[in-house]
Structure formats: structure tokens, C-alpha cells
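Note: the block below is my_file-v1.cif and it holds mmCIF, C-alpha atoms.
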```cif
data_data
loop_
_atom_site.label_atom_id
_atom_site.label_comp_id
_atom_site.auth_asym_id
_atom_site.auth_seq_id
_atom_site.Cartn_x
_atom_site.Cartn_y
_atom_site.Cartn_z
CA MET A 1 58.72 41.33 5.17
CA ARG A 2 58.43 44.78 6.70
CA ILE A 3 56.91 48.10 5.63
CA PRO A 4 59.74 49.71 3.59
CA THR A 5 60.07 52.82 5.74
CA ALA A 6 58.36 54.04 8.91
CA TYR A 7 54.93 55.56 8.30
CA THR A 8 53.19 58.05 10.59
CA PRO A 9 49.40 57.79 10.19
CA SER A 10 46.98 60.69 9.92
CA PRO A 11 43.39 60.96 8.57
CA PRO A 12 43.93 61.37 4.80
CA THR A 13 40.74 63.41 4.32
CA GLY A 14 41.59 65.62 7.29
CA VAL A 15 38.42 64.41 9.03
CA GLY A 16 38.03 61.64 11.59
CA THR A 17 40.47 59.45 13.46
CA ASP A 18 41.32 56.69 10.96
CA ASP A 19 43.89 56.01 8.26
CA TYR A 20 43.94 52.98 5.96
CA ARG A 21 47.33 52.55 4.28
CA CYS A 22 48.41 49.89 1.79
CA PHE A 23 52.04 48.89 1.41
CA LEU A 24 53.44 46.87 -1.50
CA LEU A 25 55.66 43.98 -0.44
CA ASP A 26 57.69 41.57 -2.56
CA PRO A 27 58.12 38.02 -1.20
CA GLN A 28 60.82 37.47 -3.86
CA LEU A 29 59.83 33.89 -4.48
CA ALA A 30 62.09 32.03 -6.89
CA GLN A 31 59.35 29.46 -7.55
CA ASP A 32 55.62 28.97 -7.17
CA ALA A 33 54.73 28.26 -3.55
CA TRP A 34 52.07 27.18 -1.12
CA LEU A 35 51.57 29.70 1.67
CA THR A 36 50.97 27.69 4.84
CA GLY A 37 51.15 30.29 7.58
CA THR A 38 51.32 33.99 8.45
CA ASP A 39 52.70 35.71 11.52
CA ILE A 40 51.64 39.36 11.30
CA ARG A 41 53.40 41.64 13.77
CA PRO A 42 51.98 45.16 14.25
CA GLY A 43 54.87 47.56 14.69
CA ASN A 44 52.94 50.02 16.85
CA PRO A 45 50.05 48.24 18.60
CA ASP A 46 48.84 51.56 20.03
CA VAL A 47 47.59 52.65 16.61
CA VAL A 48 47.26 49.46 14.51
CA HIS A 49 43.59 48.41 14.46
CA HIS A 50 43.93 45.55 11.96
CA VAL A 51 46.17 44.21 9.18
CA ILE A 52 45.09 42.28 6.06
CA LEU A 53 47.47 40.65 3.56
CA PHE A 54 46.14 40.57 -0.01
CA ARG A 55 47.55 38.56 -2.90
CA VAL A 56 48.38 40.74 -5.92
CA ASP A 57 48.57 38.62 -9.05
CA GLY A 58 50.11 39.62 -12.36
CA SER A 59 46.99 41.44 -13.56
CA LEU A 60 47.22 43.98 -10.73
CA THR A 61 50.98 44.23 -10.20
CA ARG A 62 51.49 47.25 -12.45
CA ALA A 63 48.51 49.05 -10.95
CA ALA A 64 49.97 48.46 -7.49
CA GLU A 65 53.40 49.72 -8.55
CA ARG A 66 51.87 52.87 -10.07
CA LYS A 67 49.84 53.50 -6.95
CA ASP A 68 52.90 53.03 -4.75
CA ALA A 69 54.89 55.51 -6.83
CA GLU A 70 52.28 58.27 -6.57
CA SER A 71 53.20 59.20 -3.00
CA ALA A 72 56.54 60.29 -1.60
CA GLU A 73 55.65 58.38 1.56
CA ALA A 74 55.49 54.61 1.75
CA GLY A 75 52.24 53.14 0.45
CA TRP A 76 48.90 54.72 -0.49
CA THR A 77 45.44 55.38 0.98
CA CYS A 78 43.15 52.37 0.59
CA PHE A 79 39.82 52.51 2.42
CA GLY A 80 37.65 49.50 1.62
CA GLY A 81 40.24 47.21 0.00
CA MET A 82 43.51 47.61 -1.90
CA GLY A 83 42.44 50.79 -3.65
CA LEU A 84 43.67 49.55 -7.04
CA GLU A 85 42.18 50.24 -10.44
CA GLY A 86 40.78 46.96 -11.73
CA GLU A 87 40.39 45.46 -8.24
CA PHE A 88 37.34 43.22 -8.00
CA ALA A 89 35.73 42.64 -4.61
CA ASN A 90 34.70 38.97 -4.58
CA LEU A 91 33.14 38.17 -1.22
CA ASP A 92 32.76 34.48 -2.10
CA ASP A 93 36.49 34.08 -2.78
CA ALA A 94 38.40 37.05 -1.36
CA PRO A 95 42.15 37.39 -2.19
CA TRP A 96 43.15 37.26 1.46
CA LEU A 97 46.42 35.62 2.44
CA GLY A 98 46.15 36.36 6.14
CA ALA A 99 44.86 38.88 8.66
CA TRP A 100 45.57 40.20 12.13
CA ALA A 101 43.33 41.95 14.64
CA PRO A 102 43.83 42.43 18.39
CA GLY A 103 44.31 39.03 20.00
CA GLY A 104 45.52 37.54 16.72
CA ARG A 105 48.56 35.30 16.63
CA GLU A 106 50.48 33.26 14.12
CA THR A 107 48.15 31.17 11.97
CA VAL A 108 49.23 27.91 10.35
CA THR A 109 47.06 25.92 7.97
CA ARG A 110 46.21 22.31 8.74
CA SER A 111 48.52 19.72 7.27
CA GLY A 112 47.64 19.20 3.62
CA TYR A 113 46.26 22.71 3.02
CA GLY A 114 47.65 26.02 1.77
CA VAL A 115 47.08 29.15 -0.30
CA PRO A 116 48.84 29.41 -3.70
CA LEU A 117 51.35 32.20 -4.18
CA ASP A 118 52.98 32.34 -7.61
CA ARG A 119 56.48 33.43 -8.43
CA GLY A 120 56.25 37.13 -9.28
CA ASP A 121 53.15 37.74 -7.16
CA ARG A 122 53.27 40.69 -4.80
CA ILE A 123 51.56 41.18 -1.46
CA VAL A 124 49.65 44.24 -0.32
CA MET A 125 49.66 44.81 3.41
CA GLN A 126 46.64 46.92 4.35
CA VAL A 127 47.01 48.52 7.78
CA HIS A 128 44.11 50.25 9.51
CA TYR A 129 45.49 52.88 11.87
CA SER A 130 43.12 54.11 14.55
CA LEU A 131 43.91 57.40 16.26
CA LEU A 132 40.83 57.25 18.47
CA ILE A 133 42.94 56.58 21.56
CA ARG A 134 46.57 57.58 21.44
CA ASP A 135 49.33 59.07 23.53
CA GLU A 136 51.19 62.13 22.36
CA GLY A 137 54.29 60.01 21.71
CA ASP A 138 55.65 58.48 18.52
CA LEU A 139 52.84 57.27 16.22
CA SER A 140 55.11 55.88 13.51
CA ASP A 141 54.76 52.25 12.46
CA ARG A 142 56.71 49.58 10.58
CA SER A 143 54.46 46.57 10.78
CA ALA A 144 55.83 43.30 9.44
CA THR A 145 54.83 39.76 8.59
CA ARG A 146 56.56 36.43 8.41
CA LEU A 147 55.39 33.77 5.98
CA ARG A 148 55.52 30.01 6.05
CA TRP A 149 55.69 28.44 2.61
CA MET A 150 56.73 25.33 0.72
CA PRO A 151 57.54 24.79 -2.97
CA ARG A 152 54.47 24.08 -5.08
CA SER A 153 56.43 21.52 -7.11
CA ARG A 154 57.08 19.33 -4.06
CA SER A 155 53.63 19.29 -2.55
CA ASP A 156 50.06 18.71 -3.69
CA LEU A 157 47.98 20.64 -1.17
CA GLU A 158 44.32 21.59 -1.16
CA GLU A 159 43.69 25.30 -1.64
CA VAL A 160 42.13 27.26 1.22
CA HIS A 161 39.75 30.10 0.27
CA THR A 162 38.31 33.00 2.27
CA VAL A 163 34.56 33.71 2.18
CA LEU A 164 33.41 37.02 3.67
CA LEU A 165 29.97 37.47 5.27
CA PRO A 166 29.25 41.17 5.93
CA ALA A 167 25.95 42.41 7.34
CA PRO A 168 24.63 46.00 7.46
CA VAL A 169 24.67 47.92 10.73
CA GLU A 170 21.77 50.20 11.74
CA LEU A 171 22.33 50.96 15.43
CA PRO A 172 20.09 53.86 16.54
CA CYS A 173 20.86 56.46 19.17
CA ARG A 174 19.31 55.84 22.55
CA PRO A 175 16.09 57.83 23.11
CA GLU A 176 17.72 60.23 25.54
CA HIS A 177 20.37 61.11 22.94
CA SER A 178 18.20 61.05 19.81
CA SER A 179 18.30 64.82 19.23
CA GLY A 180 21.96 64.70 18.21
CA PRO A 181 22.93 65.90 14.70
CA LEU A 182 24.09 62.41 13.64
CA CYS A 183 21.17 60.47 15.10
CA SER A 184 19.65 59.45 11.77
CA HIS A 185 20.70 56.94 9.12
CA ASP A 186 21.07 59.55 6.39
CA ALA A 187 23.15 61.95 8.47
CA SER A 188 25.44 59.15 9.58
CA VAL A 189 26.00 57.95 6.00
CA VAL A 190 26.90 61.51 4.95
CA ASP A 191 29.42 61.61 7.80
CA VAL A 192 30.96 58.28 6.73
CA LYS A 193 31.30 59.52 3.15
CA ALA A 194 33.04 62.69 4.35
CA ARG A 195 35.64 60.62 6.17
CA PHE A 196 36.18 57.75 3.73
CA GLY A 197 34.94 58.91 0.34
CA GLU A 198 31.77 58.45 -1.71
CA ARG A 199 32.50 54.90 -2.92
CA VAL A 200 33.36 53.43 0.48
CA GLY A 201 30.64 55.42 2.20
CA GLN A 202 28.02 53.75 -0.01
CA THR A 203 28.78 50.38 1.60
CA ALA A 204 26.33 51.12 4.42
CA ASN A 205 23.48 51.13 1.88
CA LEU A 206 24.84 48.57 -0.59
CA LEU A 207 24.97 45.89 2.09
CA HIS A 208 21.17 46.03 2.28
CA LEU A 209 21.03 45.14 -1.42
CA LEU A 210 23.47 42.26 -0.86
CA CYS A 211 21.50 40.91 2.09
CA GLY A 212 17.97 41.73 0.90
CA THR A 213 17.25 43.77 4.02
CA ASP A 214 15.56 47.10 4.65
CA VAL A 215 17.03 50.16 6.32
CA ALA A 216 15.56 49.92 9.80
CA ALA A 217 16.99 50.86 13.17
CA THR A 218 17.98 47.80 15.20
CA ASP A 219 20.61 46.68 17.67
CA THR A 220 20.73 43.18 16.13
CA THR A 221 21.68 42.78 12.50
CA THR A 222 21.86 39.70 10.31
CA CYS A 223 22.59 38.63 6.75
CA THR A 224 21.93 35.28 5.07
CA ARG A 225 23.66 34.40 1.82
CA PRO A 226 23.53 31.25 -0.32
CA VAL A 227 26.61 29.07 -0.68
CA THR A 228 27.61 29.45 -4.34
CA ARG A 229 29.66 26.26 -4.63
CA PRO A 230 30.18 23.11 -2.53
CA MET A 231 32.77 23.64 0.19
CA THR A 232 34.17 22.30 3.44
CA VAL A 233 34.52 24.88 6.22
CA LEU A 234 37.74 24.52 8.23
CA GLY A 235 37.80 27.69 10.33
CA VAL A 236 35.80 30.80 11.21
CA ALA A 237 36.30 34.24 12.70
CA GLY A 238 34.26 37.36 13.39
CA HIS A 239 34.95 41.06 13.30
CA MET A 240 33.17 43.94 15.00
CA HIS A 241 34.38 47.14 16.61
CA LEU A 242 33.99 48.58 20.09
CA LEU A 243 30.19 48.51 20.38
CA GLY A 244 29.92 44.82 19.51
CA ARG A 245 28.39 42.49 22.08
CA THR A 246 27.67 39.08 20.44
CA LEU A 247 28.38 37.42 17.07
CA THR A 248 27.34 34.11 15.53
CA ILE A 249 27.85 32.31 12.22
CA GLU A 250 25.36 29.56 11.36
CA SER A 251 24.62 27.36 8.39
CA ASN A 252 21.15 26.45 7.08
CA VAL A 253 19.23 28.36 9.75
CA GLY A 254 15.73 26.92 10.15
CA ALA A 255 16.53 23.65 8.35
CA ASP A 256 16.91 20.18 9.85
CA ASP A 257 20.67 20.36 9.36
CA GLU A 258 21.08 23.81 10.96
CA ARG A 259 24.52 24.12 12.54
CA GLU A 260 26.33 26.71 14.62
CA LEU A 261 29.82 27.37 13.26
CA LEU A 262 30.80 30.21 15.59
CA ASP A 263 29.28 31.57 18.78
CA ILE A 264 30.85 34.55 20.56
CA PRO A 265 28.49 35.22 23.50
CA LEU A 266 30.59 38.09 24.83
CA TRP A 267 32.56 40.02 22.23
CA ASN A 268 36.11 40.93 23.21
CA PHE A 269 37.72 43.37 20.79
CA ASP A 270 41.13 42.22 22.01
CA ASP A 271 40.51 38.57 21.14
CA GLN A 272 39.75 38.29 17.43
CA ALA A 273 41.81 35.22 16.54
CA ALA A 274 40.42 32.80 13.94
CA ARG A 275 39.10 29.52 15.31
CA PRO A 276 39.52 26.11 13.67
CA ILE A 277 36.43 23.91 13.73
CA ARG A 278 35.60 20.31 12.97
CA PRO A 279 35.17 20.31 9.15
CA VAL A 280 31.63 21.04 7.99
CA HIS A 281 30.59 20.30 4.40
CA LEU A 282 28.11 22.62 2.68
CA ASP A 283 26.44 22.14 -0.69
CA ALA A 284 25.67 24.80 -3.27
CA GLY A 285 22.35 26.35 -2.26
CA ASP A 286 22.93 25.91 1.47
CA THR A 287 23.04 29.14 3.44
CA LEU A 288 25.43 30.95 5.75
CA THR A 289 24.11 33.51 8.25
CA VAL A 290 26.05 36.03 10.29
CA THR A 291 24.30 37.79 13.18
CA CYS A 292 25.69 40.59 15.35
CA HIS A 293 24.37 42.46 18.37
CA HIS A 294 25.67 45.94 19.20
CA GLU A 295 25.00 48.15 22.23
CA GLN A 296 25.19 51.94 22.45
CA ALA A 297 25.46 51.66 26.25
CA LEU A 298 29.09 50.55 25.83
CA ARG A 299 29.87 54.18 24.96
CA ASP A 300 29.44 55.04 28.63
CA LEU A 301 32.04 52.46 29.67
CA LEU A 302 34.83 52.74 27.11
CA PRO A 303 37.53 55.45 27.25
CA ALA A 304 37.60 55.59 23.43
CA PHE A 305 34.21 57.35 23.42
CA GLN A 306 34.89 59.91 26.13
CA GLY A 307 34.08 63.38 24.85
CA THR A 308 32.34 62.08 21.71
CA GLU A 309 28.70 62.63 20.82
CA GLU A 310 26.39 59.67 20.36
CA LYS A 311 25.45 58.92 16.76
CA TYR A 312 23.37 56.53 14.70
CA VAL A 313 25.96 53.89 13.78
CA VAL A 314 26.18 52.41 10.30
CA TRP A 315 28.78 50.22 8.62
CA GLY A 316 31.96 52.27 8.43
CA GLU A 317 35.72 51.88 8.22
CA GLY A 318 36.49 53.74 11.44
CA SER A 319 37.00 52.36 14.91
CA ALA A 320 34.13 54.59 16.14
CA ASP A 321 31.90 53.16 13.40
CA GLU A 322 30.81 49.51 13.37
CA MET A 323 31.03 46.37 11.30
CA CYS A 324 29.42 42.96 11.37
CA LEU A 325 31.64 40.54 9.49
CA GLY A 326 31.87 36.77 9.42
CA ILE A 327 35.03 35.24 7.99
CA VAL A 328 34.98 31.64 6.72
CA GLN A 329 38.03 29.61 5.72
CA ALA A 330 36.99 26.83 3.36
CA VAL A 331 38.14 24.35 0.73
CA PHE A 332 36.04 24.24 -2.42
CA ASP A 333 35.05 20.85 -3.85
CA GLN A 334 36.94 19.92 -6.99
#
```
Show the structure stored in the file as C-alpha cells.
Amino acid sequence: MRIPTAYTPSPPTGVGTDDYRCFLLDPQLAQDAWLTGTDIRPGNPDVVHHVILFRVDGSLTRAAERKDAESAEAGWTCFGGMGLEGEFANLDDAPWLGAWAPGGRETVTRSGYGVPLDRGDRIVMQVHYSLLIRDEGDLSDRSATRLRWMPRSRSDLEEVHTVLLPAPVELPCRPEHSSGPLCSHDASVVDVKARFGERVGQTANLLHLLCGTDVAATDTTTCTRPVTRPMTVLGVAGHMHLLGRTLTIESNVGADDERELLDIPLWNFDDQAARPIRPVHLDAGDTLTVTCHHEQALRDLLPAFQGTEEKYVVWGEGSADEMCLGIVQAVFDQ
């Protein structure tokens, strides 16, 4: 499945260097299926920052069709999700079918596992276009994905779910740059809202409510959340942007059964592939913790930041902003 027509990205608010665009795709399944693999292929790797495939069930299909019809161009703007009326952001069971970020490759579920995709379901392909570094050439894109699937009627697989573990980011300016106009939390949040809208811009503050943390400048951020239902973890991944340095995902930190699920001691933005692990069972009430370390000093080394002014970095959708996100692939107990 490919984006219907070529799309040329540009900042939809007229500010910044990022465009999030959602495209409605129809897998045209004649029967209910198990999705067992995705091979996401960015059409223009120079501008594609990430791709997420979302499942659109019957309750959201009409909203997606209306949204798609509003623009003469393919797709619609969708910072922070699918951008659909009635969409519910469930971090403990996100409607992800697959994802790609630099370094990603085809992903195939383990034998005996899959993600259900019903006949009549649609797929939204969210593409984050980053114009932070670009040539003056053709910016147009027609990203595509291939799917592996098998008929639901012929197989009895276990359903794989996606659990998202975001943590707030509060990376201060270095002392020698602290007089800059965006070197405070509040000023940076205002800037994020100007580029991505009020609702999405609030994420920087709402994550503190989710994680029970205070707004405080730090280069190391963390969030611990309880496991809401028994599950077996099969794979993990992490996501940060260009100022990321290290990332870990751990279970039951401080307890006798503490376990490290993911350790990235040196973050490489161009190697964000998911990693299968030996299955780990967690009970309801256990905890999952994501921890990220970011460094402003990387600004001095990376071409993407040449000519830009240092700022206090909060959670934001742009490549020049930051994220701290753990991604857990799990099977819920019956």
C-alpha cells in the first residue's frame, strides 16, 4: 500500500520545520486477518523522520474518510496521533500496527503471534516529515508499506499489543547560553504550541501529571507507570531525537525482581529498530520505568543545529524538540 499521490511536506502552521501528515489506506481484506509483519518503506528518506501505522476500526472509519476529504491534497495534518474526532489515546494498549524510524527494517512477529485486522478496517499511515536538514531538490514523498497477514479463520494466534511509555523532557540551556529567549520552560512550551497547536503543545505539561513528576530542569528524565494487567513482554524499542544520549526500560526498579528490558548506552538516531527479548512476564501492579539522558552539547556537533539558537527543550513533535519514549510489545494474559 502506497500513499495515493505524491505529497510535498511543509510546516502546516507556517512556523517550524516539521509536518505530520496522515494518509488513509485500504488493505482491501476480503476476510478477517492476523497481521504478522510490516515492511515500511519511506519514499523520501531525506525528509521522513518516522512512520506509524494505526488501525482504524469501524467506529472511526467515517471520521477518517471525512478528514481525508477535507483537503485537496492527499491526507490531513495530524500532530500527536491520527487527528480524528473520537480518537482515544490509550497508552496501555495503543492501536499501532507497525512503525518505522531510521534504522528500522521489516518486522515479523514470532510464530504464533499477530495483530488482528478485521475485514473493512482501514489503516492510517502517519508520516512525520522533518525539514530541519534538506537539499533544495525534490521534497515530495510517496511512502509505502507491505503487510504480512494470514486468514483469521485458519489460525489461532495470540494477540500482540503495544504499550507506550512516554516521559517528560526538561532539558535546560547550558549556563553560557541561558540568556536566550527560549531558555525557560514556559517560553519553550509557548513555542511548541505555536508550531503544533494548543492541544499537542500541552503534552509537555500533561506528561508530568501522567508520571507524577514536577517541572524541574534536568538532563535525565524518567517515568514509572504501573502495569495495568498481566502481560508477557516480547520486544522493546526506544525513541528519542537528536539530543538523546542513553535510554533504558526496566521493570520493578528497586524490587528483588528488578530487570533491565532495554539498555541503549549510546543512542544512535539512525538505529531505532525494535529488539526482541527473552519473554518476561509481568503481573498487574508491577512497574515499568523508562529513563532517558539528553545532552545540549550535541548541538555543537550536529549539522542539523547549525545556525539555530539554543533553547530549553521540552517534549515536542519536532526533530529539534525532544522525546523520551519506551515502546513495549506484549501479549496480555487471557
- [ ] Evaluate the PyMOL selection byres ((chain A and resi 34-51) around 9) on the structure here and hand back the selected residues as number ranges by chain.
- [x] A: 9, 32-33, 52-53, 97-102, 104-111, 113-118, 125-135, 139-152, 155, 157, 159, 319
Open item on the list: I'd like the neighbourhood of stretch 195-211 of chain A as a ChimeraX atom specification, where a residue qualifies if any of its atoms comes within 8 Å (using only C-alpha atoms), though same-chain residues fewer than 5 positions away should be ignored.
Closed with: /A:13-16,79-80,166-169,189-190,223-225,314-317
Open item on the list: So the first atom is atom CA of A:Ser179 and the second is atom CA of A:Thr291; what is the distance between them in Å, to one decimal place?
Closed with: 28.3 Å
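Of the listed residues A:Val236, A:Leu243, A:Cys292, A:Ala273, the one whose atoms come nearest to A:Thr220 is A:Cys292, with distances taken using only C-alpha atoms.
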Task: Distance of atom CA of A:Gly326 from atom CA of A:Pro12, expressed in Å to one decimal place - done: 27.8 Å
Task: Non-local contacts of A:Met240 (8 Å; only C-alpha atoms; under 2 positions in same chain excluded) as a PyMOL selection string - done: chain A and resi 238+242-244+269+322-325
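Note that the spacing between atom CA of A:Ala237 and atom CA of A:Gln296 amounts to 23.1 Å.
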Open item on the list: Given the point (58.0, 39.1, -1.6) in the file's coordinates, find the residues that have an atom at most 10 Å from it, counting only C-alpha atoms, and give them as JSON, numbers by chain.
Closed with: {"A": [1, 24, 25, 26, 27, 28, 29, 30, 117, 119, 120, 121, 122, 123, 124, 147]}
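Nearest residue to A:Ala284 among A:Tyr20, A:Phe332, A:Tyr7, A:Phe54 is A:Phe332, counting all atoms listed in the file.
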TODO: Could you tell me which residues the PyMOL selection byres ((chain A and resi 233) around 8) grabs in this file, written as a list in words?
DONE: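 Output from the PyMOL selection byres ((chain A and resi 233) around 8), applied to this file: Met231, Thr232, Leu234, Gly235, Val236, Ile277, Pro279, Val280, His281, Leu282, Val328, Gln329, Ala330 and Val331 of chain A.
Proximity of A:Val227, A:Ile327, A:Met82, A:Ile264 to A:Arg55, computed with only C-alpha atoms, is greatest for A:Met82.
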